[in-house]
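Q: Shown below is the structure under consideration.
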Amino acid sequence: MRKHAIIGNMPELPYSVEEAINGLRINIGFLGNDIKKIMIISTMPDEGKSFVAIQLWRQMAESGTPTILVDADLRKSVTTEKYGIRLENGKIYGTSYYLANNFSLEEAILHTDWECGDILPNTKNVINPSRLIEGERFDNMLNNLAERYRYVFIDTPPLNMVSDGERIGNRCDGAILVVRGGATSKSMVRNSIQQLKRAGCPLLGIVLNRVEGARSGYYYKKYGGKYYGKYGSKYYSDKYYYKK
């Protein structure tokens, strides 16, 4: 039986922010058919990666592209609470529960009001999820989902906090790095790029997020961003905030 999730708190975004996310969605479509498992990550907490992940997932689903959002922040996830994700009846068995138990993936996946959008939230945080992330079950889960969906977006912990992101990146086809404009230092961004390279996870693009004063309106100031290019060589152009 398909479990239907209610997302009770999905904010309506101003046009400028909606278009910024839409531009990111379109750029991802240019990456090719081999790019399916995409990690959404940041350097530090509070850079807006989870916001970018869920809004990108929503737009992909609305466009008719089969997409699933996997909450792989097993230590400190707040997505379920923040977005009011719940079931009409029954209990949500999230990512960590699935990985730690003999449990069907189909039972863990939640379907939503967006016909092409499914989610796998995390409802039970774990102090040390390294064994779950490094285990074969996690690898098999991502590969299984990549066969079912066009895109698998994985929301992961920040790179500078724990090593989970590198471990997850090793299983992904690429990463989108969310950077908080005017807050995250150049050296930290460079270090995150090096960490992704070390993990063997190609950097697909960077979202410059929370650009203060770029446009009027609360959400644009807090969440608005711009997508820069497709490959690393474009990240350090004259227009890029973190030019070397």
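As shown in the structure tokens, the chain order sets the letters A, B, ...; within each chain, residues go from 1, and ligands are also counted from 1 in the order they appear.
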Please identify all polymer residues within 10 Å of Asn128 of chain A, counting only C-alpha atoms, omitting same-chain residues fewer than 5 positions from it, and present them as a PyMOL selection string.
A: chain A and resi 74-75+133+164
Q: Atoms to include: C-alpha atoms. Write the selected residues as a PDB file, in the first residue's frame.
A:
ATOM      1  CA  LEU A  74      21.104  11.235   9.900  1.00  0.00           C
ATOM      2  CA  ARG A  75      22.640  13.204  12.775  1.00  0.00           C
ATOM      3  CA  ILE A 133      26.308   5.239   5.653  1.00  0.00           C
ATOM      4  CA  ASP A 164      29.356  11.820   6.355  1.00  0.00           C
TER       5      ASP A 164
END
Q: Env of Arg171 of chain A: 10 Å cut, atoms = only C-alpha atoms, seq-sep filter 5 positions within chain, self excluded. Answer as a list of chain:residue names.
A: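 So, after excluding close chain neighbours, the residues are A:Lys37, A:Ile38, A:Met39, A:Ile133, A:Glu134, A:Phe138, A:Asp139, A:Asn140, A:Leu142, A:Asn143, A:Glu166, A:Ala199, A:Gly200, A:Cys201.
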Q: Which polymer residues have any atom within 9 Å of an atom of Met60 of chain A, counting only C-alpha atoms, with same-chain residues fewer than 2 positions away left out, as a PyMOL selection string?
A: chain A and resi 22+25+55-58+62-67+116-117+151
Q: Can you spit out the residues from that selection as an mmCIF file, in the first residue's frame, using C-alpha atoms?
A:
data_model
loop_
_atom_site.group_PDB
_atom_site.id
_atom_site.type_symbol
_atom_site.label_atom_id
_atom_site.label_comp_id
_atom_site.auth_asym_id
_atom_site.auth_seq_id
_atom_site.Cartn_x
_atom_site.Cartn_y
_atom_site.Cartn_z
ATOM 1 C CA ASN A 22 13.929 26.922 -11.979
ATOM 2 C CA ARG A 25 16.547 22.750 -12.438
ATOM 3 C CA GLN A 55 12.546 23.301 -3.579
ATOM 4 C CA LEU A 56 14.579 21.750 -6.386
ATOM 5 C CA TRP A 57 12.874 18.414 -5.730
ATOM 6 C CA ARG A 58 9.459 20.109 -5.824
ATOM 7 C CA GLU A 62 6.023 19.569 -10.823
ATOM 8 C CA SER A 63 7.708 19.428 -14.234
ATOM 9 C CA GLY A 64 6.760 15.741 -14.503
ATOM 10 C CA THR A 65 10.230 14.348 -13.826
ATOM 11 C CA PRO A 66 10.210 11.290 -11.514
ATOM 12 C CA THR A 67 12.279 12.465 -8.555
ATOM 13 C CA CYS A 116 6.241 12.469 -9.743
ATOM 14 C CA GLY A 117 7.683 13.447 -6.363
ATOM 15 C CA TYR A 151 16.823 12.022 -10.190
#
Q: If you run DSSP on the backbone here, which positions in segment 25-167 of chain A get helix (DSSP H, G or I)? Please write them as a compact mmCIF listing (two decimals) with N, CA and C atoms, in the first residue's frame.
A:
# COMPACT_ATOMS: atom_id res chain seq x y z
N ARG A 25 17.17 23.98 -11.91
CA ARG A 25 16.55 22.75 -12.44
C ARG A 25 16.89 22.55 -13.92
N ILE A 26 16.80 23.61 -14.69
CA ILE A 26 17.07 23.53 -16.13
C ILE A 26 18.54 23.17 -16.38
N ASN A 27 19.43 23.79 -15.62
CA ASN A 27 20.86 23.50 -15.78
C ASN A 27 21.19 22.04 -15.46
N ILE A 28 20.52 21.50 -14.47
CA ILE A 28 20.73 20.09 -14.13
C ILE A 28 20.33 19.20 -15.29
N GLY A 29 19.27 19.60 -15.99
CA GLY A 29 18.83 18.82 -17.14
C GLY A 29 19.85 18.74 -18.26
N LYS A 49 21.04 24.62 2.41
CA LYS A 49 21.09 23.46 1.52
C LYS A 49 19.78 22.67 1.52
N SER A 50 19.17 22.51 2.69
CA SER A 50 17.93 21.74 2.75
C SER A 50 16.80 22.46 2.03
N PHE A 51 16.80 23.80 2.12
CA PHE A 51 15.81 24.58 1.39
C PHE A 51 16.00 24.39 -0.11
N VAL A 52 17.23 24.49 -0.58
CA VAL A 52 17.51 24.31 -2.00
C VAL A 52 17.11 22.90 -2.43
N ALA A 53 17.42 21.90 -1.61
CA ALA A 53 17.13 20.51 -1.94
C ALA A 53 15.63 20.27 -2.11
N ILE A 54 14.84 20.74 -1.16
CA ILE A 54 13.40 20.45 -1.21
C ILE A 54 12.71 21.27 -2.29
N GLN A 55 13.16 22.49 -2.53
CA GLN A 55 12.55 23.30 -3.58
C GLN A 55 12.93 22.80 -4.97
N LEU A 56 14.16 22.34 -5.13
CA LEU A 56 14.58 21.75 -6.39
C LEU A 56 13.81 20.46 -6.65
N TRP A 57 13.67 19.65 -5.62
CA TRP A 57 12.87 18.41 -5.73
C TRP A 57 11.44 18.74 -6.13
N ARG A 58 10.85 19.74 -5.51
CA ARG A 58 9.46 20.11 -5.82
C ARG A 58 9.32 20.53 -7.28
N GLN A 59 10.23 21.37 -7.74
CA GLN A 59 10.12 21.84 -9.12
C GLN A 59 10.33 20.71 -10.13
N MET A 60 11.23 19.79 -9.82
CA MET A 60 11.44 18.64 -10.70
C MET A 60 10.16 17.81 -10.78
N ALA A 61 9.55 17.59 -9.64
CA ALA A 61 8.32 16.79 -9.60
C ALA A 61 7.19 17.50 -10.34
N GLU A 62 7.07 18.80 -10.15
CA GLU A 62 6.02 19.57 -10.82
C GLU A 62 6.20 19.56 -12.33
N THR A 79 14.17 18.45 8.69
CA THR A 79 13.30 18.62 7.53
C THR A 79 11.86 18.22 7.82
N THR A 80 11.67 17.08 8.47
CA THR A 80 10.31 16.60 8.75
C THR A 80 9.54 17.60 9.61
N GLU A 81 10.20 18.11 10.64
CA GLU A 81 9.54 19.08 11.53
C GLU A 81 9.35 20.42 10.83
N LYS A 82 10.36 20.88 10.14
CA LYS A 82 10.32 22.21 9.52
C LYS A 82 9.24 22.31 8.46
N THR A 95 14.87 7.29 6.88
CA THR A 95 16.12 6.77 6.32
C THR A 95 16.91 5.93 7.30
N SER A 96 17.14 6.46 8.50
CA SER A 96 17.97 5.73 9.46
C SER A 96 17.30 4.43 9.89
N TYR A 97 15.98 4.44 10.04
CA TYR A 97 15.26 3.22 10.41
C TYR A 97 15.40 2.17 9.32
N TYR A 98 15.24 2.60 8.08
CA TYR A 98 15.36 1.66 6.97
C TYR A 98 16.76 1.04 6.93
N LEU A 99 17.79 1.86 7.10
CA LEU A 99 19.15 1.37 7.00
C LEU A 99 19.53 0.43 8.15
N ALA A 100 18.90 0.62 9.30
CA ALA A 100 19.26 -0.15 10.49
C ALA A 100 18.41 -1.40 10.68
N LEU A 105 12.12 -1.11 1.36
CA LEU A 105 12.31 0.26 0.87
C LEU A 105 10.99 0.87 0.43
N GLU A 106 10.14 0.07 -0.16
CA GLU A 106 8.83 0.56 -0.60
C GLU A 106 7.99 1.04 0.58
N GLU A 107 8.17 0.40 1.73
CA GLU A 107 7.44 0.83 2.92
C GLU A 107 8.00 2.13 3.49
N ALA A 108 9.26 2.41 3.21
CA ALA A 108 9.89 3.62 3.74
C ALA A 108 9.62 4.84 2.86
N SER A 130 27.89 6.43 11.01
CA SER A 130 28.92 6.04 10.04
C SER A 130 28.71 4.63 9.50
N ARG A 131 28.38 3.69 10.38
CA ARG A 131 28.18 2.31 9.92
C ARG A 131 27.02 2.21 8.96
N LEU A 132 25.97 3.01 9.19
CA LEU A 132 24.81 2.97 8.30
C LEU A 132 25.18 3.52 6.93
N ILE A 133 25.95 4.59 6.91
CA ILE A 133 26.31 5.24 5.65
C ILE A 133 27.33 4.41 4.88
N GLU A 134 28.24 3.78 5.59
CA GLU A 134 29.29 3.01 4.94
C GLU A 134 28.82 1.61 4.53
N GLU A 136 26.70 -1.63 2.96
CA GLU A 136 26.25 -2.02 1.63
C GLU A 136 24.77 -1.67 1.40
N ARG A 137 24.01 -1.68 2.48
CA ARG A 137 22.57 -1.39 2.37
C ARG A 137 22.34 0.05 1.87
N PHE A 138 23.17 0.98 2.31
CA PHE A 138 23.04 2.37 1.86
C PHE A 138 23.36 2.47 0.37
N ASP A 139 24.43 1.84 -0.04
CA ASP A 139 24.83 1.83 -1.44
C ASP A 139 23.73 1.22 -2.31
N ASN A 140 23.21 0.09 -1.87
CA ASN A 140 22.15 -0.58 -2.62
C ASN A 140 20.88 0.28 -2.69
N MET A 141 20.60 0.99 -1.61
CA MET A 141 19.42 1.85 -1.58
C MET A 141 19.52 2.93 -2.67
N LEU A 142 20.66 3.61 -2.74
CA LEU A 142 20.82 4.67 -3.74
C LEU A 142 20.76 4.11 -5.16
N ASN A 143 21.37 2.97 -5.38
CA ASN A 143 21.34 2.36 -6.71
C ASN A 143 19.92 1.93 -7.09
N ASN A 144 19.21 1.39 -6.12
CA ASN A 144 17.82 0.99 -6.34
C ASN A 144 16.96 2.20 -6.72
N LEU A 145 17.14 3.28 -5.98
CA LEU A 145 16.35 4.49 -6.25
C LEU A 145 16.71 5.10 -7.61
N ALA A 146 17.99 5.01 -7.98
CA ALA A 146 18.42 5.54 -9.27
C ALA A 146 17.79 4.77 -10.43
N GLU A 147 17.42 3.54 -10.20
CA GLU A 147 16.73 2.76 -11.23
C GLU A 147 15.26 3.13 -11.32
N ARG A 148 14.69 3.60 -10.21
CA ARG A 148 13.27 3.93 -10.18
C ARG A 148 12.97 5.35 -10.62
N ASP A 164 30.46 12.51 7.03
CA ASP A 164 29.36 11.82 6.36
C ASP A 164 29.24 12.24 4.90
N GLY A 165 29.39 13.55 4.64
CA GLY A 165 29.22 14.06 3.29
C GLY A 165 30.19 13.44 2.30
N GLU A 166 31.44 13.29 2.70
CA GLU A 166 32.43 12.66 1.82
C GLU A 166 32.06 11.21 1.54
N ARG A 167 31.63 10.50 2.57
CA ARG A 167 31.26 9.09 2.39
C ARG A 167 30.08 8.96 1.43
Q: Excluding segment 2-11 of chain A and its own-chain neighbours fewer than 6 positions away, which residues fall within 9 Å of it when counting only C-alpha atoms? Please give them as a compact mmCIF listing (two decimals) with C-alpha atoms, in the first residue's frame.
A:
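Written output follows (out.txt):
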# COMPACT_ATOMS: atom_id res chain seq x y z
CA GLN A 55 12.55 23.30 -3.58
CA THR A 80 10.31 16.60 8.75
CA LYS A 82 10.32 22.21 9.52
CA TYR A 83 8.11 21.29 6.58
CA GLY A 84 5.40 19.60 8.60
CA ILE A 85 5.76 16.22 6.90
CA ARG A 86 3.31 13.67 8.29
CA LEU A 87 1.10 10.75 7.34
CA GLU A 88 -2.69 10.82 7.52
CA ASN A 89 -2.47 7.45 9.26
CA GLY A 90 0.47 5.44 10.48
CA ILE A 92 6.89 7.40 9.16
CA GLU A 106 8.83 0.56 -0.60
CA GLU A 107 7.44 0.83 2.92
CA ALA A 108 9.89 3.62 3.74
CA ILE A 109 9.24 5.73 0.64
CA LEU A 110 6.48 8.32 0.95
CA HIS A 111 4.41 9.55 -1.96
CA THR A 112 3.20 13.14 -2.08
CA ASP A 113 0.62 15.35 -3.77
CA ASP A 118 8.46 10.96 -3.60
CA ILE A 119 10.44 11.51 -0.41
Q: As number ranges by chain, which residues of segment 1-242 of chain A does DSSP assign to strand (DSSP E)?
A: A: 5-7, 37-42, 67-71, 85-87, 110-111, 117-120, 151-155, 174-180, 203-209, 226-228
Q: Quick one: residues within 12 Å of Gly174 of chain A, only C-alpha atoms counted, chain neighbours fewer than 2 positions away excluded, as a VMD selection string?
A: chain A and resid 28 31 to 32 34 to 41 151 to 154 165 to 166 168 to 172 176 to 177 193 196 to 197 199 to 206 230 to 231
Q: Could you check how far atom CA of Leu24 of chain A sits from atom CA of Pro158 of chain A, in Å to one decimal?
A: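 Atom CA of Pro158 of chain A lies 20.2 Å from atom CA of Leu24 of chain A.
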Q: Just the residues within 7 Å of Thr43 of chain A, please, counting only C-alpha atoms, with nothing from its chain fewer than 4 positions along; format it as number ranges by chain.
A: A: 158-160, 188-189, 192
